Amino acid sequence: VPEFLKGLGIQDSNLYVLGDYSGPAMPGVLDRAIARAEELEGQGKQVDIVFGVDLDGGRLVAAVKDNHGNWVILNANQLGAAMLYYRLLALNSLGQIPTNSVVGESFVTTSLIQKIASQYPNITTKITDVGEKFLQELSATSNTLFTLEESDNIWGDGILASGILAELAALKHRTSGIFKGLTVWDVLNKAYKAFGYHYNSQVALAIEGPVEAEDISYLRNNLLDIVNEVRDELLVDAPSGVAADGISSITGRTVYGAAVLDITYALTDGSAI
């Protein structure tokens, strides 16, 4: 990764490498990186982003500064949304979005990706089954500009993703253009303001005992009723500021035989997320 970033024009003096590690690029790695960043800041250095890529270069995790100067670990949905929002605006400003372009995402990935891509008439969003190989197959058979798989981290090509992330971080130092002076956090929030704030969470519903084929069919066909019965569990992991009654709507859809939920939370200030 350091060699790749230097090839993009980032100087050695602007890279601080912690070294190799074993295991996947999970948030624990970022905790170490953030601690090192804080040490560097204590020495008068400026650190804009920290990130990690796993040993085979397939996954990327990252943390950025919010508007209060606090480190925030971004999940893949947030990183992907910021990257895509920036990339498409930049390409469009240069007239470089080809006709019949494709943006791909697996069905467990945020719907914000599809909303961002839908603003460009030359782009079609393709939804794939879960798994990196399906996005690779899509890229091999279509003119893809961007693909994203959510798995607590960006999954697919962490090395290339680190290049886009570094470019995003460099926007802070631009003195002209529509992204002049923006941080990664600013870009993400511009996407939210344009397409709605999205909260990302996972809730696991356990089923006791052996599961037969007819049980799976029942779950798919009656998912909304089942979820309405566990509304309290969904509220436990809800974003802060949710109103007392919590959930204003739940809609379901079936993609590749799996049930996907879109939940709208009502907030105390009358808005929704």
# chains A, B, ... in the order shown; residues from 1 in each chain; ligands from 1

call {"tool": "closest_atom_pairs", "arguments": {"of": "region 82-159 of chain A", "to": "region 173-192 of chain A", "cutoff": "10 Å", "atoms": "only C-alpha atoms", "output": "tab-separated table"}}
result
residue	atom	partner	partner_atom	distance
A:Ala82	CA	A:Leu188	CA	4.6
A:Met83	CA	A:Leu188	CA	8.2
A:Leu84	CA	A:Ala191	CA	9.3
A:Tyr85	CA	A:Ala191	CA	6.3
A:Tyr86	CA	A:Val187	CA	7.1
A:Leu89	CA	A:Ile178	CA	9.1
A:Ala90	CA	A:Ile178	CA	8.9
A:Ser93	CA	A:Ile178	CA	9.6
A:Leu112	CA	A:Tyr192	CA	8.6
A:Ile113	CA	A:Ala191	CA	9.9
A:Lys115	CA	A:Ala191	CA	9.9
A:Ile116	CA	A:Ala191	CA	7.8

call {"tool": "write_last_selection", "arguments": {"atoms": "C-alpha atoms", "output": "PDB file, in the first residue's frame"}}
result
ATOM      1  CA  ALA A  82     -18.272   9.120   0.496  1.00  0.00           C
ATOM      2  CA  MET A  83     -16.009   7.608  -2.162  1.00  0.00           C
ATOM      3  CA  LEU A  84     -18.794   7.139  -4.708  1.00  0.00           C
ATOM      4  CA  TYR A  85     -20.315  10.579  -4.108  1.00  0.00           C
ATOM      5  CA  TYR A  86     -16.930  12.211  -4.682  1.00  0.00           C
ATOM      6  CA  LEU A  89     -19.182  14.265  -9.020  1.00  0.00           C
ATOM      7  CA  ALA A  90     -15.539  14.542 -10.069  1.00  0.00           C
ATOM      8  CA  SER A  93     -17.486  17.586 -13.850  1.00  0.00           C
ATOM      9  CA  LEU A 112     -27.515   5.085  -0.373  1.00  0.00           C
ATOM     10  CA  ILE A 113     -25.169   3.758  -3.074  1.00  0.00           C
ATOM     11  CA  LYS A 115     -29.502   6.690  -4.653  1.00  0.00           C
ATOM     12  CA  ILE A 116     -26.208   8.418  -5.406  1.00  0.00           C
TER      13      ILE A 116
END

call {"tool": "closest_residue", "arguments": {"among": "A:Pro2, A:Gly131, A:Gly196, A:Gly28", "to": "Leu15 (chain A)", "atoms": "only C-alpha atoms"}}
result
A:Pro2

call {"tool": "select_by_dssp", "arguments": {"residues": "region 32-204 of chain A", "states": "helix (DSSP H, G or I)", "output": "VMD selection string"}}
result
chain A and resid 32 to 42 76 to 93 112 to 117 132 to 141 158 to 173 184 to 195

call {"tool": "closest_residue", "arguments": {"among": "A:Leu91, A:Ile164, A:Thr109, A:Pro98", "to": "Ser142 (chain A)", "atoms": "only C-alpha atoms"}}
result
A:Pro98

call {"tool": "residues_around", "arguments": {"residues": "Val1 (chain A)", "least_positions_apart": "6", "cutoff": "10 Å", "atoms": "only C-alpha atoms", "output": "ChimeraX atom specification"}}
result
/A:7,17,52-53,57,158-160,162-163

call {"tool": "select_by_dssp", "arguments": {"residues": "region 53-171 of chain A", "states": "strand (DSSP E or B)", "output": "ChimeraX atom specification"}}
result
/A:53,59-65,71-74,101-106,123-128,143-148,150,154-155

call {"tool": "write_last_selection", "arguments": {"atoms": "N, CA, C and O atoms", "output": "CSV table (one decimal), in the first residue's frame"}}
result
chain,number,residue,atom,x,y,z
A,53,VAL,N,-5.3,-2.1,5.8
A,53,VAL,CA,-5.6,-3.1,4.7
A,53,VAL,C,-5.1,-4.4,5.2
A,53,VAL,O,-4.0,-4.6,5.7
A,59,ARG,N,-9.4,-6.0,2.0
A,59,ARG,CA,-10.3,-5.2,2.8
A,59,ARG,C,-9.7,-3.9,3.3
A,59,ARG,O,-8.4,-3.9,3.5
A,60,LEU,N,-10.5,-2.9,3.5
A,60,LEU,CA,-10.0,-1.6,4.0
A,60,LEU,C,-10.9,-1.2,5.1
A,60,LEU,O,-12.1,-1.3,5.0
A,61,VAL,N,-10.3,-0.7,6.2
A,61,VAL,CA,-11.0,0.0,7.2
A,61,VAL,C,-10.4,1.3,7.5
A,61,VAL,O,-9.2,1.5,7.2
A,62,ALA,N,-11.1,2.3,7.9
A,62,ALA,CA,-10.5,3.6,8.1
A,62,ALA,C,-11.2,4.4,9.2
A,62,ALA,O,-12.4,4.2,9.5
A,63,ALA,N,-10.5,5.4,9.7
A,63,ALA,CA,-11.0,6.4,10.6
A,63,ALA,C,-10.7,7.8,10.2
A,63,ALA,O,-9.6,8.0,9.6
A,64,VAL,N,-11.6,8.7,10.4
A,64,VAL,CA,-11.4,10.1,10.0
A,64,VAL,C,-11.7,11.0,11.1
A,64,VAL,O,-12.3,10.6,12.1
A,65,LYS,N,-11.4,12.3,11.0
A,65,LYS,CA,-11.8,13.3,12.0
A,65,LYS,C,-13.1,13.8,11.7
A,65,LYS,O,-13.4,14.2,10.5
A,71,TRP,N,-11.7,11.4,16.4
A,71,TRP,CA,-11.6,10.2,15.5
A,71,TRP,C,-12.9,9.4,15.4
A,71,TRP,O,-13.4,9.1,16.5
A,72,VAL,N,-13.3,9.1,14.2
A,72,VAL,CA,-14.5,8.3,14.0
A,72,VAL,C,-14.2,7.2,13.1
A,72,VAL,O,-13.7,7.4,12.0
A,73,ILE,N,-14.5,5.9,13.5
A,73,ILE,CA,-14.3,4.8,12.6
A,73,ILE,C,-15.5,4.7,11.7
A,73,ILE,O,-16.6,4.6,12.2
A,74,LEU,N,-15.2,4.7,10.4
A,74,LEU,CA,-16.3,4.6,9.4
A,74,LEU,C,-16.5,3.2,9.0
A,74,LEU,O,-15.5,2.5,8.8
A,101,SER,N,-22.5,2.9,-18.1
A,101,SER,CA,-21.7,2.6,-16.9
A,101,SER,C,-22.5,1.9,-15.9
A,101,SER,O,-23.7,2.0,-15.8
A,102,VAL,N,-21.8,1.2,-15.0
A,102,VAL,CA,-22.5,0.4,-14.0
A,102,VAL,C,-21.8,0.6,-12.6
A,102,VAL,O,-20.6,0.7,-12.5
A,103,VAL,N,-22.7,0.7,-11.6
A,103,VAL,CA,-22.2,0.7,-10.2
A,103,VAL,C,-22.8,-0.5,-9.6
A,103,VAL,O,-24.0,-0.8,-9.7
A,104,GLY,N,-22.0,-1.3,-8.9
A,104,GLY,CA,-22.4,-2.6,-8.4
A,104,GLY,C,-22.3,-2.6,-6.9
A,104,GLY,O,-21.4,-2.1,-6.3
A,105,GLU,N,-23.3,-3.3,-6.3
A,105,GLU,CA,-23.3,-3.5,-4.8
A,105,GLU,C,-24.0,-4.8,-4.5
A,105,GLU,O,-24.9,-5.2,-5.2
A,106,SER,N,-23.6,-5.5,-3.4
A,106,SER,CA,-24.3,-6.6,-3.0
A,106,SER,C,-25.6,-6.2,-2.2
A,106,SER,O,-25.7,-5.0,-1.7
A,123,ILE,N,-25.6,5.9,-15.8
A,123,ILE,CA,-25.2,4.9,-14.8
A,123,ILE,C,-26.4,4.0,-14.5
A,123,ILE,O,-27.5,4.5,-14.1
A,124,THR,N,-26.2,2.7,-14.5
A,124,THR,CA,-27.2,1.7,-14.0
A,124,THR,C,-26.6,1.1,-12.7
A,124,THR,O,-25.4,0.7,-12.7
A,125,THR,N,-27.4,0.9,-11.7
A,125,THR,CA,-27.0,0.2,-10.5
A,125,THR,C,-27.4,-1.3,-10.6
A,125,THR,O,-28.5,-1.6,-10.9
A,126,LYS,N,-26.4,-2.2,-10.4
A,126,LYS,CA,-26.7,-3.6,-10.4
A,126,LYS,C,-26.5,-4.2,-9.0
A,126,LYS,O,-25.5,-3.9,-8.3
A,127,ILE,N,-27.5,-4.9,-8.5
A,127,ILE,CA,-27.5,-5.5,-7.2
A,127,ILE,C,-27.1,-7.0,-7.4
A,127,ILE,O,-27.7,-7.7,-8.1
A,128,THR,N,-26.1,-7.4,-6.6
A,128,THR,CA,-25.6,-8.8,-6.7
A,128,THR,C,-25.9,-9.6,-5.4
A,128,THR,O,-26.3,-9.0,-4.4
A,143,ASN,N,-19.2,-2.4,-17.8
A,143,ASN,CA,-18.4,-1.2,-17.7
A,143,ASN,C,-18.5,-0.6,-16.3
A,143,ASN,O,-19.2,0.4,-16.1
A,144,THR,N,-18.0,-1.2,-15.3
A,144,THR,CA,-18.2,-0.8,-13.9
A,144,THR,C,-17.3,0.3,-13.5
A,144,THR,O,-16.1,0.3,-13.8
A,145,LEU,N,-17.9,1.3,-12.8
A,145,LEU,CA,-17.1,2.4,-12.3
A,145,LEU,C,-16.8,2.2,-10.8
A,145,LEU,O,-15.8,2.8,-10.3
A,146,PHE,N,-17.6,1.4,-10.1
A,146,PHE,CA,-17.5,1.3,-8.7
A,146,PHE,C,-18.3,0.1,-8.2
A,146,PHE,O,-19.4,-0.1,-8.7
A,147,THR,N,-17.7,-0.7,-7.3
A,147,THR,CA,-18.5,-1.8,-6.7
A,147,THR,C,-18.2,-1.8,-5.2
A,147,THR,O,-17.1,-1.3,-4.7
A,148,LEU,N,-19.1,-2.2,-4.4
A,148,LEU,CA,-19.0,-2.2,-2.9
A,148,LEU,C,-19.7,-3.4,-2.3
A,148,LEU,O,-20.8,-3.8,-2.7
A,150,GLU,N,-20.4,-4.7,1.7
A,150,GLU,CA,-20.3,-4.3,3.1
A,150,GLU,C,-20.1,-5.6,3.9
A,150,GLU,O,-20.9,-6.5,3.9
A,154,ILE,N,-14.7,-2.3,3.7
A,154,ILE,CA,-14.8,-2.4,2.3
A,154,ILE,C,-14.1,-3.6,1.8
A,154,ILE,O,-12.9,-3.9,2.1
A,155,TRP,N,-14.8,-4.5,1.1
A,155,TRP,CA,-14.3,-5.8,0.7
A,155,TRP,C,-14.2,-5.9,-0.8
A,155,TRP,O,-15.2,-5.7,-1.5

call {"tool": "atom_distance", "arguments": {"atom1": "CA of Glu41 (chain A)", "atom2": "CA of Asp66 (chain A)"}}
result
15.5 Å
